[in-house]
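entry27.pdb (PDB, C-alpha atoms) appears below.
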```
ATOM      1  CA  ALA U   1      15.238   6.350  14.632  1.00  0.00           C
ATOM      2  CA  GLN U   2      16.678   7.183  11.249  1.00  0.00           C
ATOM      3  CA  SER U   3      15.027   9.435   8.702  1.00  0.00           C
ATOM      4  CA  VAL U   4      15.681  11.287   5.472  1.00  0.00           C
ATOM      5  CA  THR U   5      14.059  14.559   4.468  1.00  0.00           C
ATOM      6  CA  GLN U   6      14.244  15.919   0.960  1.00  0.00           C
ATOM      7  CA  LEU U   7      13.358  19.585   0.781  1.00  0.00           C
ATOM      8  CA  GLY U   8      11.258  20.383  -2.247  1.00  0.00           C
ATOM      9  CA  SER U   9       9.233  17.745  -4.052  1.00  0.00           C
ATOM     10  CA  HIS U  10       9.778  19.569  -7.355  1.00  0.00           C
ATOM     11  CA  VAL U  11      12.730  21.652  -8.498  1.00  0.00           C
ATOM     12  CA  SER U  12      12.871  23.412 -11.866  1.00  0.00           C
ATOM     13  CA  VAL U  13      16.042  24.917 -13.306  1.00  0.00           C
ATOM     14  CA  SER U  14      17.086  26.264 -16.681  1.00  0.00           C
ATOM     15  CA  GLU U  15      19.416  24.295 -18.902  1.00  0.00           C
ATOM     16  CA  GLY U  16      22.977  25.253 -17.992  1.00  0.00           C
ATOM     17  CA  ALA U  17      22.040  26.456 -14.503  1.00  0.00           C
ATOM     18  CA  LEU U  18      23.233  25.047 -11.192  1.00  0.00           C
ATOM     19  CA  VAL U  19      21.301  22.074  -9.846  1.00  0.00           C
ATOM     20  CA  LEU U  20      20.907  21.868  -6.065  1.00  0.00           C
ATOM     21  CA  LEU U  21      18.779  19.139  -4.515  1.00  0.00           C
ATOM     22  CA  ARG U  22      18.576  19.219  -0.744  1.00  0.00           C
ATOM     23  CA  CYS U  23      18.720  16.271   1.622  1.00  0.00           C
ATOM     24  CA  ASN U  24      18.871  16.270   5.405  1.00  0.00           C
ATOM     25  CA  TYR U  25      19.150  13.176   7.518  1.00  0.00           C
ATOM     26  CA  SER U  26      18.724  12.062  11.080  1.00  0.00           C
ATOM     27  CA  SER U  27      20.754   9.196  12.472  1.00  0.00           C
ATOM     28  CA  SER U  28      22.097   8.333  15.904  1.00  0.00           C
ATOM     29  CA  VAL U  29      24.962   6.335  14.370  1.00  0.00           C
ATOM     30  CA  PRO U  30      27.334   7.219  11.529  1.00  0.00           C
ATOM     31  CA  PRO U  31      25.302   7.072   8.331  1.00  0.00           C
ATOM     32  CA  TYR U  32      25.946   5.805   4.871  1.00  0.00           C
ATOM     33  CA  LEU U  33      24.260   8.129   2.406  1.00  0.00           C
ATOM     34  CA  PHE U  34      23.217   7.597  -1.180  1.00  0.00           C
ATOM     35  CA  TRP U  35      21.674   9.496  -4.061  1.00  0.00           C
ATOM     36  CA  TYR U  36      19.695   7.514  -6.594  1.00  0.00           C
ATOM     37  CA  VAL U  37      18.108   8.704  -9.842  1.00  0.00           C
ATOM     38  CA  GLN U  38      14.955   7.279 -11.394  1.00  0.00           C
ATOM     39  CA  TYR U  39      14.178   8.052 -15.012  1.00  0.00           C
ATOM     40  CA  PRO U  40      10.572   7.648 -16.185  1.00  0.00           C
ATOM     41  CA  ASN U  41       9.440   4.022 -16.289  1.00  0.00           C
ATOM     42  CA  GLN U  42      12.823   2.766 -15.104  1.00  0.00           C
ATOM     43  CA  GLY U  43      14.368   1.429 -11.942  1.00  0.00           C
ATOM     44  CA  LEU U  44      16.687   3.338  -9.644  1.00  0.00           C
ATOM     45  CA  GLN U  45      20.306   3.960 -10.531  1.00  0.00           C
ATOM     46  CA  LEU U  46      22.998   4.883  -8.022  1.00  0.00           C
ATOM     47  CA  LEU U  47      24.485   8.341  -8.614  1.00  0.00           C
ATOM     48  CA  LEU U  48      26.902   8.376  -5.702  1.00  0.00           C
ATOM     49  CA  LYS U  49      27.396   7.239  -2.129  1.00  0.00           C
ATOM     50  CA  TYR U  50      29.110   8.380   1.058  1.00  0.00           C
ATOM     51  CA  THR U  51      30.565   5.701   3.296  1.00  0.00           C
ATOM     52  CA  SER U  52      32.709   7.729   5.722  1.00  0.00           C
ATOM     53  CA  ALA U  53      35.689   8.348   3.459  1.00  0.00           C
ATOM     54  CA  ALA U  54      35.984  11.717   1.691  1.00  0.00           C
ATOM     55  CA  THR U  55      33.190  14.133   2.568  1.00  0.00           C
ATOM     56  CA  LEU U  56      32.946  15.403  -1.012  1.00  0.00           C
ATOM     57  CA  VAL U  57      31.703  12.571  -3.166  1.00  0.00           C
ATOM     58  CA  LYS U  58      31.767  12.627  -6.940  1.00  0.00           C
ATOM     59  CA  GLY U  59      29.283  10.558  -8.862  1.00  0.00           C
ATOM     60  CA  ILE U  60      28.218   9.808 -12.380  1.00  0.00           C
ATOM     61  CA  ASN U  61      26.908  12.327 -14.920  1.00  0.00           C
ATOM     62  CA  GLY U  62      28.742  15.249 -13.292  1.00  0.00           C
ATOM     63  CA  PHE U  63      26.895  15.102  -9.977  1.00  0.00           C
ATOM     64  CA  GLU U  64      28.534  15.479  -6.604  1.00  0.00           C
ATOM     65  CA  ALA U  65      27.404  15.694  -2.995  1.00  0.00           C
ATOM     66  CA  GLU U  66      29.011  16.922   0.191  1.00  0.00           C
ATOM     67  CA  PHE U  67      28.505  15.272   3.573  1.00  0.00           C
ATOM     68  CA  LYS U  68      28.201  17.913   6.283  1.00  0.00           C
ATOM     69  CA  LYS U  69      27.895  16.328   9.694  1.00  0.00           C
ATOM     70  CA  SER U  70      27.362  19.626  11.500  1.00  0.00           C
ATOM     71  CA  GLU U  71      24.368  20.390   9.275  1.00  0.00           C
ATOM     72  CA  THR U  72      23.235  16.737   8.938  1.00  0.00           C
ATOM     73  CA  SER U  73      23.027  17.355   5.208  1.00  0.00           C
ATOM     74  CA  PHE U  74      23.995  15.600   2.010  1.00  0.00           C
ATOM     75  CA  HIS U  75      22.935  17.952  -0.761  1.00  0.00           C
ATOM     76  CA  LEU U  76      23.337  16.964  -4.402  1.00  0.00           C
ATOM     77  CA  THR U  77      24.748  19.457  -6.899  1.00  0.00           C
ATOM     78  CA  LYS U  78      25.660  19.719 -10.550  1.00  0.00           C
ATOM     79  CA  PRO U  79      27.261  22.877 -11.960  1.00  0.00           C
ATOM     80  CA  SER U  80      25.386  22.896 -15.257  1.00  0.00           C
ATOM     81  CA  ALA U  81      22.026  21.208 -15.850  1.00  0.00           C
ATOM     82  CA  HIS U  82      21.364  19.237 -18.998  1.00  0.00           C
ATOM     83  CA  MET U  83      17.990  18.310 -20.426  1.00  0.00           C
ATOM     84  CA  SER U  84      18.818  14.647 -19.842  1.00  0.00           C
ATOM     85  CA  ASP U  85      19.016  15.297 -16.078  1.00  0.00           C
ATOM     86  CA  ALA U  86      15.219  15.535 -15.854  1.00  0.00           C
ATOM     87  CA  ALA U  87      14.232  12.701 -13.512  1.00  0.00           C
ATOM     88  CA  GLU U  88      13.255  11.861  -9.939  1.00  0.00           C
ATOM     89  CA  TYR U  89      16.071  11.922  -7.405  1.00  0.00           C
ATOM     90  CA  PHE U  90      16.071  10.035  -4.135  1.00  0.00           C
ATOM     91  CA  CYS U  91      18.322  10.563  -1.148  1.00  0.00           C
ATOM     92  CA  ALA U  92      18.747   7.451   0.986  1.00  0.00           C
ATOM     93  CA  LEU U  93      20.367   6.405   4.255  1.00  0.00           C
ATOM     94  CA  SER U  94      21.600   3.249   5.845  1.00  0.00           C
ATOM     95  CA  SER U  95      24.081   2.395   8.586  1.00  0.00           C
ATOM     96  CA  TYR U  96      26.108  -0.505   9.875  1.00  0.00           C
ATOM     97  CA  SER U  97      23.379  -1.093  12.440  1.00  0.00           C
ATOM     98  CA  SER U  98      20.507  -1.076   9.960  1.00  0.00           C
ATOM     99  CA  ALA U  99      21.232  -4.526   8.608  1.00  0.00           C
ATOM    100  CA  SER U 100      21.263  -3.376   4.976  1.00  0.00           C
ATOM    101  CA  LYS U 101      17.898  -1.592   5.252  1.00  0.00           C
ATOM    102  CA  ILE U 102      17.856   1.586   3.223  1.00  0.00           C
ATOM    103  CA  ILE U 103      15.556   4.435   4.161  1.00  0.00           C
ATOM    104  CA  PHE U 104      14.577   6.590   1.212  1.00  0.00           C
ATOM    105  CA  GLY U 105      13.499  10.188   1.146  1.00  0.00           C
ATOM    106  CA  SER U 106      10.272  11.144  -0.571  1.00  0.00           C
ATOM    107  CA  GLY U 107      12.039  12.134  -3.759  1.00  0.00           C
ATOM    108  CA  THR U 108      12.558  15.364  -5.708  1.00  0.00           C
ATOM    109  CA  ARG U 109      11.404  15.694  -9.282  1.00  0.00           C
ATOM    110  CA  LEU U 110      13.890  17.736 -11.296  1.00  0.00           C
ATOM    111  CA  SER U 111      12.611  19.557 -14.373  1.00  0.00           C
ATOM    112  CA  ILE U 112      14.894  21.313 -16.841  1.00  0.00           C
ATOM    113  CA  ARG U 113      13.659  24.368 -18.746  1.00  0.00           C
ATOM    114  CA  PRO U 114      15.106  24.921 -22.254  1.00  0.00           C
TER     115      PRO U 114
ATOM    116  CA  ASP F   1      20.911  -2.117 -17.779  1.00  0.00           C
ATOM    117  CA  SER F   2      21.634  -3.048 -14.158  1.00  0.00           C
ATOM    118  CA  GLY F   3      21.747  -6.786 -14.775  1.00  0.00           C
ATOM    119  CA  VAL F   4      18.783  -7.381 -12.467  1.00  0.00           C
ATOM    120  CA  THR F   5      15.742  -8.793 -14.210  1.00  0.00           C
ATOM    121  CA  GLN F   6      12.149  -8.784 -13.029  1.00  0.00           C
ATOM    122  CA  THR F   7       9.092 -10.503 -14.430  1.00  0.00           C
ATOM    123  CA  PRO F   8       6.418  -9.704 -15.276  1.00  0.00           C
ATOM    124  CA  LYS F   9       6.698  -6.025 -16.195  1.00  0.00           C
ATOM    125  CA  HIS F  10       3.021  -5.413 -15.671  1.00  0.00           C
ATOM    126  CA  LEU F  11       0.380  -7.301 -13.744  1.00  0.00           C
ATOM    127  CA  ILE F  12      -3.327  -6.581 -13.502  1.00  0.00           C
ATOM    128  CA  THR F  13      -5.411  -8.577 -11.077  1.00  0.00           C
ATOM    129  CA  ALA F  14      -8.470  -8.376  -8.863  1.00  0.00           C
ATOM    130  CA  THR F  15      -8.876  -7.833  -5.152  1.00  0.00           C
ATOM    131  CA  GLY F  16      -8.515 -10.985  -3.092  1.00  0.00           C
ATOM    132  CA  GLN F  17      -6.213 -12.631  -5.600  1.00  0.00           C
ATOM    133  CA  ARG F  18      -2.629 -13.831  -5.163  1.00  0.00           C
ATOM    134  CA  VAL F  19       0.324 -12.991  -7.405  1.00  0.00           C
ATOM    135  CA  THR F  20       3.993 -13.903  -7.590  1.00  0.00           C
ATOM    136  CA  LEU F  21       6.702 -11.515  -8.690  1.00  0.00           C
ATOM    137  CA  ARG F  22      10.041 -12.871  -9.787  1.00  0.00           C
ATOM    138  CA  CYS F  23      13.528 -11.421  -9.610  1.00  0.00           C
ATOM    139  CA  SER F  24      16.874 -12.626 -10.904  1.00  0.00           C
ATOM    140  CA  PRO F  25      19.864 -10.872  -9.343  1.00  0.00           C
ATOM    141  CA  ARG F  26      23.051  -9.816 -11.086  1.00  0.00           C
ATOM    142  CA  SER F  27      25.490 -12.608 -11.687  1.00  0.00           C
ATOM    143  CA  GLY F  28      27.487 -13.171  -8.504  1.00  0.00           C
ATOM    144  CA  ASP F  29      25.226 -11.175  -6.200  1.00  0.00           C
ATOM    145  CA  LEU F  30      24.075 -13.052  -3.122  1.00  0.00           C
ATOM    146  CA  SER F  31      21.662 -10.492  -1.669  1.00  0.00           C
ATOM    147  CA  VAL F  32      18.225  -9.664  -3.003  1.00  0.00           C
ATOM    148  CA  TYR F  33      16.063  -6.828  -1.727  1.00  0.00           C
ATOM    149  CA  TRP F  34      12.404  -6.049  -2.380  1.00  0.00           C
ATOM    150  CA  TYR F  35      10.939  -2.544  -2.361  1.00  0.00           C
ATOM    151  CA  GLN F  36       7.465  -1.134  -2.867  1.00  0.00           C
ATOM    152  CA  GLN F  37       6.987   2.270  -4.495  1.00  0.00           C
ATOM    153  CA  SER F  38       3.564   3.869  -4.238  1.00  0.00           C
ATOM    154  CA  LEU F  39       2.300   7.420  -4.514  1.00  0.00           C
ATOM    155  CA  ASP F  40       1.191   7.662  -0.897  1.00  0.00           C
ATOM    156  CA  GLN F  41       3.944   5.656   0.842  1.00  0.00           C
ATOM    157  CA  GLY F  42       6.901   6.486  -1.361  1.00  0.00           C
ATOM    158  CA  LEU F  43       9.719   3.979  -1.698  1.00  0.00           C
ATOM    159  CA  GLN F  44       9.736   1.448   1.126  1.00  0.00           C
ATOM    160  CA  PHE F  45      12.064  -1.428   1.914  1.00  0.00           C
ATOM    161  CA  LEU F  46      10.182  -4.699   2.301  1.00  0.00           C
ATOM    162  CA  ILE F  47      12.652  -7.503   2.864  1.00  0.00           C
ATOM    163  CA  GLN F  48      16.181  -8.741   2.153  1.00  0.00           C
ATOM    164  CA  TYR F  49      17.492 -12.239   1.508  1.00  0.00           C
ATOM    165  CA  TYR F  50      21.119 -13.241   1.571  1.00  0.00           C
ATOM    166  CA  ASN F  51      22.147 -16.563   0.058  1.00  0.00           C
ATOM    167  CA  GLY F  52      18.747 -18.078   0.705  1.00  0.00           C
ATOM    168  CA  GLU F  53      18.236 -16.776   4.209  1.00  0.00           C
ATOM    169  CA  GLU F  54      16.118 -13.844   5.366  1.00  0.00           C
ATOM    170  CA  ARG F  55      18.522 -11.088   6.453  1.00  0.00           C
ATOM    171  CA  ALA F  56      16.427  -7.999   7.156  1.00  0.00           C
ATOM    172  CA  LYS F  57      12.769  -7.119   7.299  1.00  0.00           C
ATOM    173  CA  GLY F  58      11.119  -3.779   6.696  1.00  0.00           C
ATOM    174  CA  ASN F  59       7.516  -2.701   6.293  1.00  0.00           C
ATOM    175  CA  ILE F  60       6.308  -5.958   4.820  1.00  0.00           C
ATOM    176  CA  LEU F  61       2.698  -6.927   5.424  1.00  0.00           C
ATOM    177  CA  GLU F  62       1.818 -10.361   6.776  1.00  0.00           C
ATOM    178  CA  ARG F  63      -0.079 -11.008   3.511  1.00  0.00           C
ATOM    179  CA  PHE F  64       3.243 -10.725   1.683  1.00  0.00           C
ATOM    180  CA  SER F  65       6.040 -13.264   1.743  1.00  0.00           C
ATOM    181  CA  ALA F  66       9.258 -13.840  -0.108  1.00  0.00           C
ATOM    182  CA  GLN F  67      11.880 -16.469  -0.608  1.00  0.00           C
ATOM    183  CA  GLN F  68      15.225 -16.895  -2.293  1.00  0.00           C
ATOM    184  CA  PHE F  69      15.971 -20.126  -4.080  1.00  0.00           C
ATOM    185  CA  PRO F  70      19.255 -22.077  -4.356  1.00  0.00           C
ATOM    186  CA  ASP F  71      19.919 -20.503  -7.766  1.00  0.00           C
ATOM    187  CA  LEU F  72      19.570 -17.126  -5.960  1.00  0.00           C
ATOM    188  CA  HIS F  73      16.506 -15.905  -7.789  1.00  0.00           C
ATOM    189  CA  SER F  74      13.791 -14.583  -5.534  1.00  0.00           C
ATOM    190  CA  GLU F  75      10.031 -14.473  -5.537  1.00  0.00           C
ATOM    191  CA  LEU F  76       7.714 -12.069  -3.762  1.00  0.00           C
ATOM    192  CA  ASN F  77       4.260 -13.477  -3.085  1.00  0.00           C
ATOM    193  CA  LEU F  78       1.394 -11.084  -2.506  1.00  0.00           C
ATOM    194  CA  SER F  79      -1.888 -12.577  -1.324  1.00  0.00           C
ATOM    195  CA  SER F  80      -5.408 -11.371  -0.464  1.00  0.00           C
ATOM    196  CA  LEU F  81      -4.672  -8.365  -2.598  1.00  0.00           C
ATOM    197  CA  GLU F  82      -6.252  -5.022  -1.820  1.00  0.00           C
ATOM    198  CA  LEU F  83      -6.614  -1.900  -3.928  1.00  0.00           C
ATOM    199  CA  GLY F  84      -3.912  -0.253  -1.846  1.00  0.00           C
ATOM    200  CA  ASP F  85      -1.374  -2.868  -2.910  1.00  0.00           C
ATOM    201  CA  SER F  86      -1.273  -1.316  -6.371  1.00  0.00           C
ATOM    202  CA  ALA F  87       2.306  -0.110  -6.717  1.00  0.00           C
ATOM    203  CA  LEU F  88       5.608  -0.541  -8.433  1.00  0.00           C
ATOM    204  CA  TYR F  89       7.604  -3.373  -6.882  1.00  0.00           C
ATOM    205  CA  PHE F  90      11.359  -3.233  -7.276  1.00  0.00           C
ATOM    206  CA  CYS F  91      13.936  -5.883  -6.731  1.00  0.00           C
ATOM    207  CA  ALA F  92      17.562  -4.966  -6.112  1.00  0.00           C
ATOM    208  CA  SER F  93      20.673  -7.033  -5.640  1.00  0.00           C
ATOM    209  CA  SER F  94      24.124  -6.609  -4.174  1.00  0.00           C
ATOM    210  CA  GLN F  95      27.133  -8.767  -3.515  1.00  0.00           C
ATOM    211  CA  GLY F  96      26.002  -9.064   0.068  1.00  0.00           C
ATOM    212  CA  THR F  97      29.447  -9.234   1.565  1.00  0.00           C
ATOM    213  CA  SER F  98      29.982  -5.660   2.769  1.00  0.00           C
ATOM    214  CA  GLY F  99      26.770  -4.917   4.585  1.00  0.00           C
ATOM    215  CA  SER F 100      24.743  -1.767   4.491  1.00  0.00           C
ATOM    216  CA  GLN F 101      27.254   0.397   2.611  1.00  0.00           C
ATOM    217  CA  GLU F 102      27.001  -1.762  -0.458  1.00  0.00           C
ATOM    218  CA  THR F 103      25.667  -0.496  -3.735  1.00  0.00           C
ATOM    219  CA  GLN F 104      22.307  -2.008  -4.575  1.00  0.00           C
ATOM    220  CA  TYR F 105      21.471  -2.502  -8.244  1.00  0.00           C
ATOM    221  CA  PHE F 106      17.800  -2.119  -9.078  1.00  0.00           C
ATOM    222  CA  GLY F 107      15.709  -3.971 -11.595  1.00  0.00           C
ATOM    223  CA  PRO F 108      13.149  -2.219 -13.831  1.00  0.00           C
ATOM    224  CA  GLY F 109      10.262  -3.101 -11.539  1.00  0.00           C
ATOM    225  CA  THR F 110       6.909  -4.839 -11.790  1.00  0.00           C
ATOM    226  CA  ARG F 111       3.892  -2.566 -11.961  1.00  0.00           C
ATOM    227  CA  LEU F 112       0.968  -4.148 -10.122  1.00  0.00           C
ATOM    228  CA  LEU F 113      -2.558  -2.880 -10.572  1.00  0.00           C
ATOM    229  CA  VAL F 114      -5.266  -4.307  -8.346  1.00  0.00           C
ATOM    230  CA  LEU F 115      -8.808  -3.657  -9.580  1.00  0.00           C
TER     231      LEU F 115
END
```

Would you write out, as structure tokens, the structure that this file holds?
Amino acid sequence: AQSVTQLGSHVSVSEGALVLLRCNYSSSVPPYLFWYVQYPNQGLQLLLKYTSAATLVKGINGFEAEFKKSETSFHLTKPSAHMSDAAEYFCALSSYSSASKIIFGSGTRLSIRP
Amino acid sequence: DSGVTQTPKHLITATGQRVTLRCSPRSGDLSVYWYQQSLDQGLQFLIQYYNGEERAKGNILERFSAQQFPDLHSELNLSSLELGDSALYFCASSQGTSGSQETQYFGPGTRLLVL
């Protein structure tokens, strides 16, 4: 069975500080991994995705994530937080065998302190 | 703006009723996906249609059904509604040609409140 675990339902950082949102996955087949962002009262927007090419994936708005197979992790980082980064972030997983089904983590709410 | 549209934005109804949610995918996208987002269950995949045919099924209740029409828009029908069906329902679309690694583009959602 496949699963996604996001560590920390709420993360708070100061403006300008490093953002680190943690995601661990479980999959018996090679995974495709995604990070989505959801701003208040809006739908989900893709930040970045890993599909078995480069392990370090760069996304929009300065975010990046690194696929680490040995740690079954796909943590999301941004060097310097901006107030506009405040949102809910979802890590998600699919695979070639999952017939386009995406499994989402429970989400991490990111707050930015001035 | 993702290019995916959903109507209505908000829906308030009573238990036991039936509602229909509508989704129009991005131009050129053949796949439509439905998701339910609730506080207790999180974000769950319900069902996928590709070019009019059901492609994948997730945690969709028997009281729920969906279809995709020849013009590629999709409808999600929810019947015998219960309080627990109150949630945000998202539609997403993708080209549908590259399988599960494709980027899905999400609509703004329909917020359903069952009283």

Could you list, as a PDB file with C-alpha atoms, keeping the file's coordinate frame, every residue within 12 Å of Ser12 (chain U), counting all atoms listed in the file and ignoring same-chain residues fewer than 6 positions away?
```
ATOM      1  CA  LEU U  18      23.233  25.047 -11.192  1.00  0.00           C
ATOM      2  CA  VAL U  19      21.301  22.074  -9.846  1.00  0.00           C
ATOM      3  CA  LEU U  20      20.907  21.868  -6.065  1.00  0.00           C
ATOM      4  CA  LEU U  21      18.779  19.139  -4.515  1.00  0.00           C
ATOM      5  CA  ALA U  81      22.026  21.208 -15.850  1.00  0.00           C
ATOM      6  CA  HIS U  82      21.364  19.237 -18.998  1.00  0.00           C
ATOM      7  CA  MET U  83      17.990  18.310 -20.426  1.00  0.00           C
ATOM      8  CA  ASP U  85      19.016  15.297 -16.078  1.00  0.00           C
ATOM      9  CA  ALA U  86      15.219  15.535 -15.854  1.00  0.00           C
ATOM     10  CA  ALA U  87      14.232  12.701 -13.512  1.00  0.00           C
ATOM     11  CA  GLU U  88      13.255  11.861  -9.939  1.00  0.00           C
ATOM     12  CA  THR U 108      12.558  15.364  -5.708  1.00  0.00           C
ATOM     13  CA  ARG U 109      11.404  15.694  -9.282  1.00  0.00           C
ATOM     14  CA  LEU U 110      13.890  17.736 -11.296  1.00  0.00           C
ATOM     15  CA  SER U 111      12.611  19.557 -14.373  1.00  0.00           C
ATOM     16  CA  ILE U 112      14.894  21.313 -16.841  1.00  0.00           C
ATOM     17  CA  ARG U 113      13.659  24.368 -18.746  1.00  0.00           C
ATOM     18  CA  PRO U 114      15.106  24.921 -22.254  1.00  0.00           C
TER      19      PRO U 114
END
```

Please, which residues of chain U lie no more than 12 Å from chain F when the count uses all atoms listed in the file, and can they be set out as an mmCIF file with C-alpha atoms, keeping the file's coordinate frame?
```
data_model
loop_
_atom_site.group_PDB
_atom_site.id
_atom_site.type_symbol
_atom_site.label_atom_id
_atom_site.label_comp_id
_atom_site.auth_asym_id
_atom_site.auth_seq_id
_atom_site.Cartn_x
_atom_site.Cartn_y
_atom_site.Cartn_z
ATOM 1 C CA VAL U 4 15.681 11.287 5.472
ATOM 2 C CA SER U 9 9.233 17.745 -4.052
ATOM 3 C CA PRO U 30 27.334 7.219 11.529
ATOM 4 C CA PRO U 31 25.302 7.072 8.331
ATOM 5 C CA TYR U 32 25.946 5.805 4.871
ATOM 6 C CA LEU U 33 24.260 8.129 2.406
ATOM 7 C CA PHE U 34 23.217 7.597 -1.180
ATOM 8 C CA TRP U 35 21.674 9.496 -4.061
ATOM 9 C CA TYR U 36 19.695 7.514 -6.594
ATOM 10 C CA VAL U 37 18.108 8.704 -9.842
ATOM 11 C CA GLN U 38 14.955 7.279 -11.394
ATOM 12 C CA TYR U 39 14.178 8.052 -15.012
ATOM 13 C CA PRO U 40 10.572 7.648 -16.185
ATOM 14 C CA ASN U 41 9.440 4.022 -16.289
ATOM 15 C CA GLN U 42 12.823 2.766 -15.104
ATOM 16 C CA GLY U 43 14.368 1.429 -11.942
ATOM 17 C CA LEU U 44 16.687 3.338 -9.644
ATOM 18 C CA GLN U 45 20.306 3.960 -10.531
ATOM 19 C CA LEU U 46 22.998 4.883 -8.022
ATOM 20 C CA LEU U 47 24.485 8.341 -8.614
ATOM 21 C CA LEU U 48 26.902 8.376 -5.702
ATOM 22 C CA LYS U 49 27.396 7.239 -2.129
ATOM 23 C CA TYR U 50 29.110 8.380 1.058
ATOM 24 C CA THR U 51 30.565 5.701 3.296
ATOM 25 C CA SER U 52 32.709 7.729 5.722
ATOM 26 C CA ALA U 53 35.689 8.348 3.459
ATOM 27 C CA GLU U 88 13.255 11.861 -9.939
ATOM 28 C CA TYR U 89 16.071 11.922 -7.405
ATOM 29 C CA PHE U 90 16.071 10.035 -4.135
ATOM 30 C CA CYS U 91 18.322 10.563 -1.148
ATOM 31 C CA ALA U 92 18.747 7.451 0.986
ATOM 32 C CA LEU U 93 20.367 6.405 4.255
ATOM 33 C CA SER U 94 21.600 3.249 5.845
ATOM 34 C CA SER U 95 24.081 2.395 8.586
ATOM 35 C CA TYR U 96 26.108 -0.505 9.875
ATOM 36 C CA SER U 97 23.379 -1.093 12.440
ATOM 37 C CA SER U 98 20.507 -1.076 9.960
ATOM 38 C CA ALA U 99 21.232 -4.526 8.608
ATOM 39 C CA SER U 100 21.263 -3.376 4.976
ATOM 40 C CA LYS U 101 17.898 -1.592 5.252
ATOM 41 C CA ILE U 102 17.856 1.586 3.223
ATOM 42 C CA ILE U 103 15.556 4.435 4.161
ATOM 43 C CA PHE U 104 14.577 6.590 1.212
ATOM 44 C CA GLY U 105 13.499 10.188 1.146
ATOM 45 C CA SER U 106 10.272 11.144 -0.571
ATOM 46 C CA GLY U 107 12.039 12.134 -3.759
ATOM 47 C CA THR U 108 12.558 15.364 -5.708
#
```

I want to know what sits within 12 Å of Ser79 (chain F), based on only C-alpha atoms, with residues of the same chain fewer than 4 positions away left out; could you give that as a short mmCIF file (atom, residue, chain, number, x, y, z; two decimals) with C-alpha atoms, in the frame of the given file?
```cif
data_model
loop_
_atom_site.label_atom_id
_atom_site.label_comp_id
_atom_site.auth_asym_id
_atom_site.auth_seq_id
_atom_site.Cartn_x
_atom_site.Cartn_y
_atom_site.Cartn_z
CA THR F 13 -5.41 -8.58 -11.08
CA ALA F 14 -8.47 -8.38 -8.86
CA THR F 15 -8.88 -7.83 -5.15
CA GLY F 16 -8.52 -10.98 -3.09
CA GLN F 17 -6.21 -12.63 -5.60
CA ARG F 18 -2.63 -13.83 -5.16
CA VAL F 19 0.32 -12.99 -7.40
CA THR F 20 3.99 -13.90 -7.59
CA LEU F 21 6.70 -11.52 -8.69
CA LEU F 61 2.70 -6.93 5.42
CA GLU F 62 1.82 -10.36 6.78
CA ARG F 63 -0.08 -11.01 3.51
CA PHE F 64 3.24 -10.72 1.68
CA SER F 65 6.04 -13.26 1.74
CA ALA F 66 9.26 -13.84 -0.11
CA LEU F 83 -6.61 -1.90 -3.93
CA ASP F 85 -1.37 -2.87 -2.91
CA VAL F 114 -5.27 -4.31 -8.35
#
```

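The residue set within 9 Å of Val32 (chain F), counting only C-alpha atoms and dropping same-chain residues fewer than 3 places from it, reads F:Cys23, F:Ser24, F:Pro25, F:Asp29, F:Ile47, F:Gln48, F:Tyr49, F:Tyr50, F:Asn51, F:Gln68, F:Leu72, F:His73, F:Ser74, F:Cys91, F:Ala92, F:Ser93, F:Ser94, F:Gln95, F:Gly96, F:Gln104.
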
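Between CA of Pro8 (chain F) and CA of Gly52 (chain F) there is a distance of 21.9 Å.
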
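Of note, CA of Trp34 (chain F) and CA of Leu7 (chain U) are spaced 25.8 Å apart.
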
Enclose region 29-32 of chain U, meaning all of its atoms listed in the file, in a box aligned along x, y and z, pad it by 4 Å on each side, and list the centre and edge lengths in Å to one decimal, as lines of an AutoDock Vina configuration file.
```
center_x = 26.1
center_y = 6.5
center_z = 9.6
size_x = 10.4
size_y = 9.4
size_z = 17.5
```

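We find CA of Asn24 (chain U) and CA of Ser73 (chain U) to be spaced 4.3 Å apart.
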
**OP:** Pick out the residues sitting within 6 Å of Cys23 (chain U), and hand them over as number ranges by chain; count all atoms listed in the file, and ignore anything fewer than 2 positions along from it in its own chain.
**Re:** U: 5-6, 73-75

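In this comparison, which uses only C-alpha atoms, the residue of F:Lys9, F:Gly84, F:Asp71, F:Glu54 approaching Ser27 (chain F) most closely is F:Asp71.
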
Residue by residue, what does the PyMOL selection byres ((chain U and resi 2) around 7) grab here? Present the result as a short mmCIF file (atom, residue, chain, number, x, y, z; two decimals) with C-alpha atoms, in the frame of the given file.
```cif
data_model
loop_
_atom_site.label_atom_id
_atom_site.label_comp_id
_atom_site.auth_asym_id
_atom_site.auth_seq_id
_atom_site.Cartn_x
_atom_site.Cartn_y
_atom_site.Cartn_z
CA ALA U 1 15.24 6.35 14.63
CA SER U 3 15.03 9.44 8.70
CA SER U 26 18.72 12.06 11.08
CA SER U 27 20.75 9.20 12.47
#
```
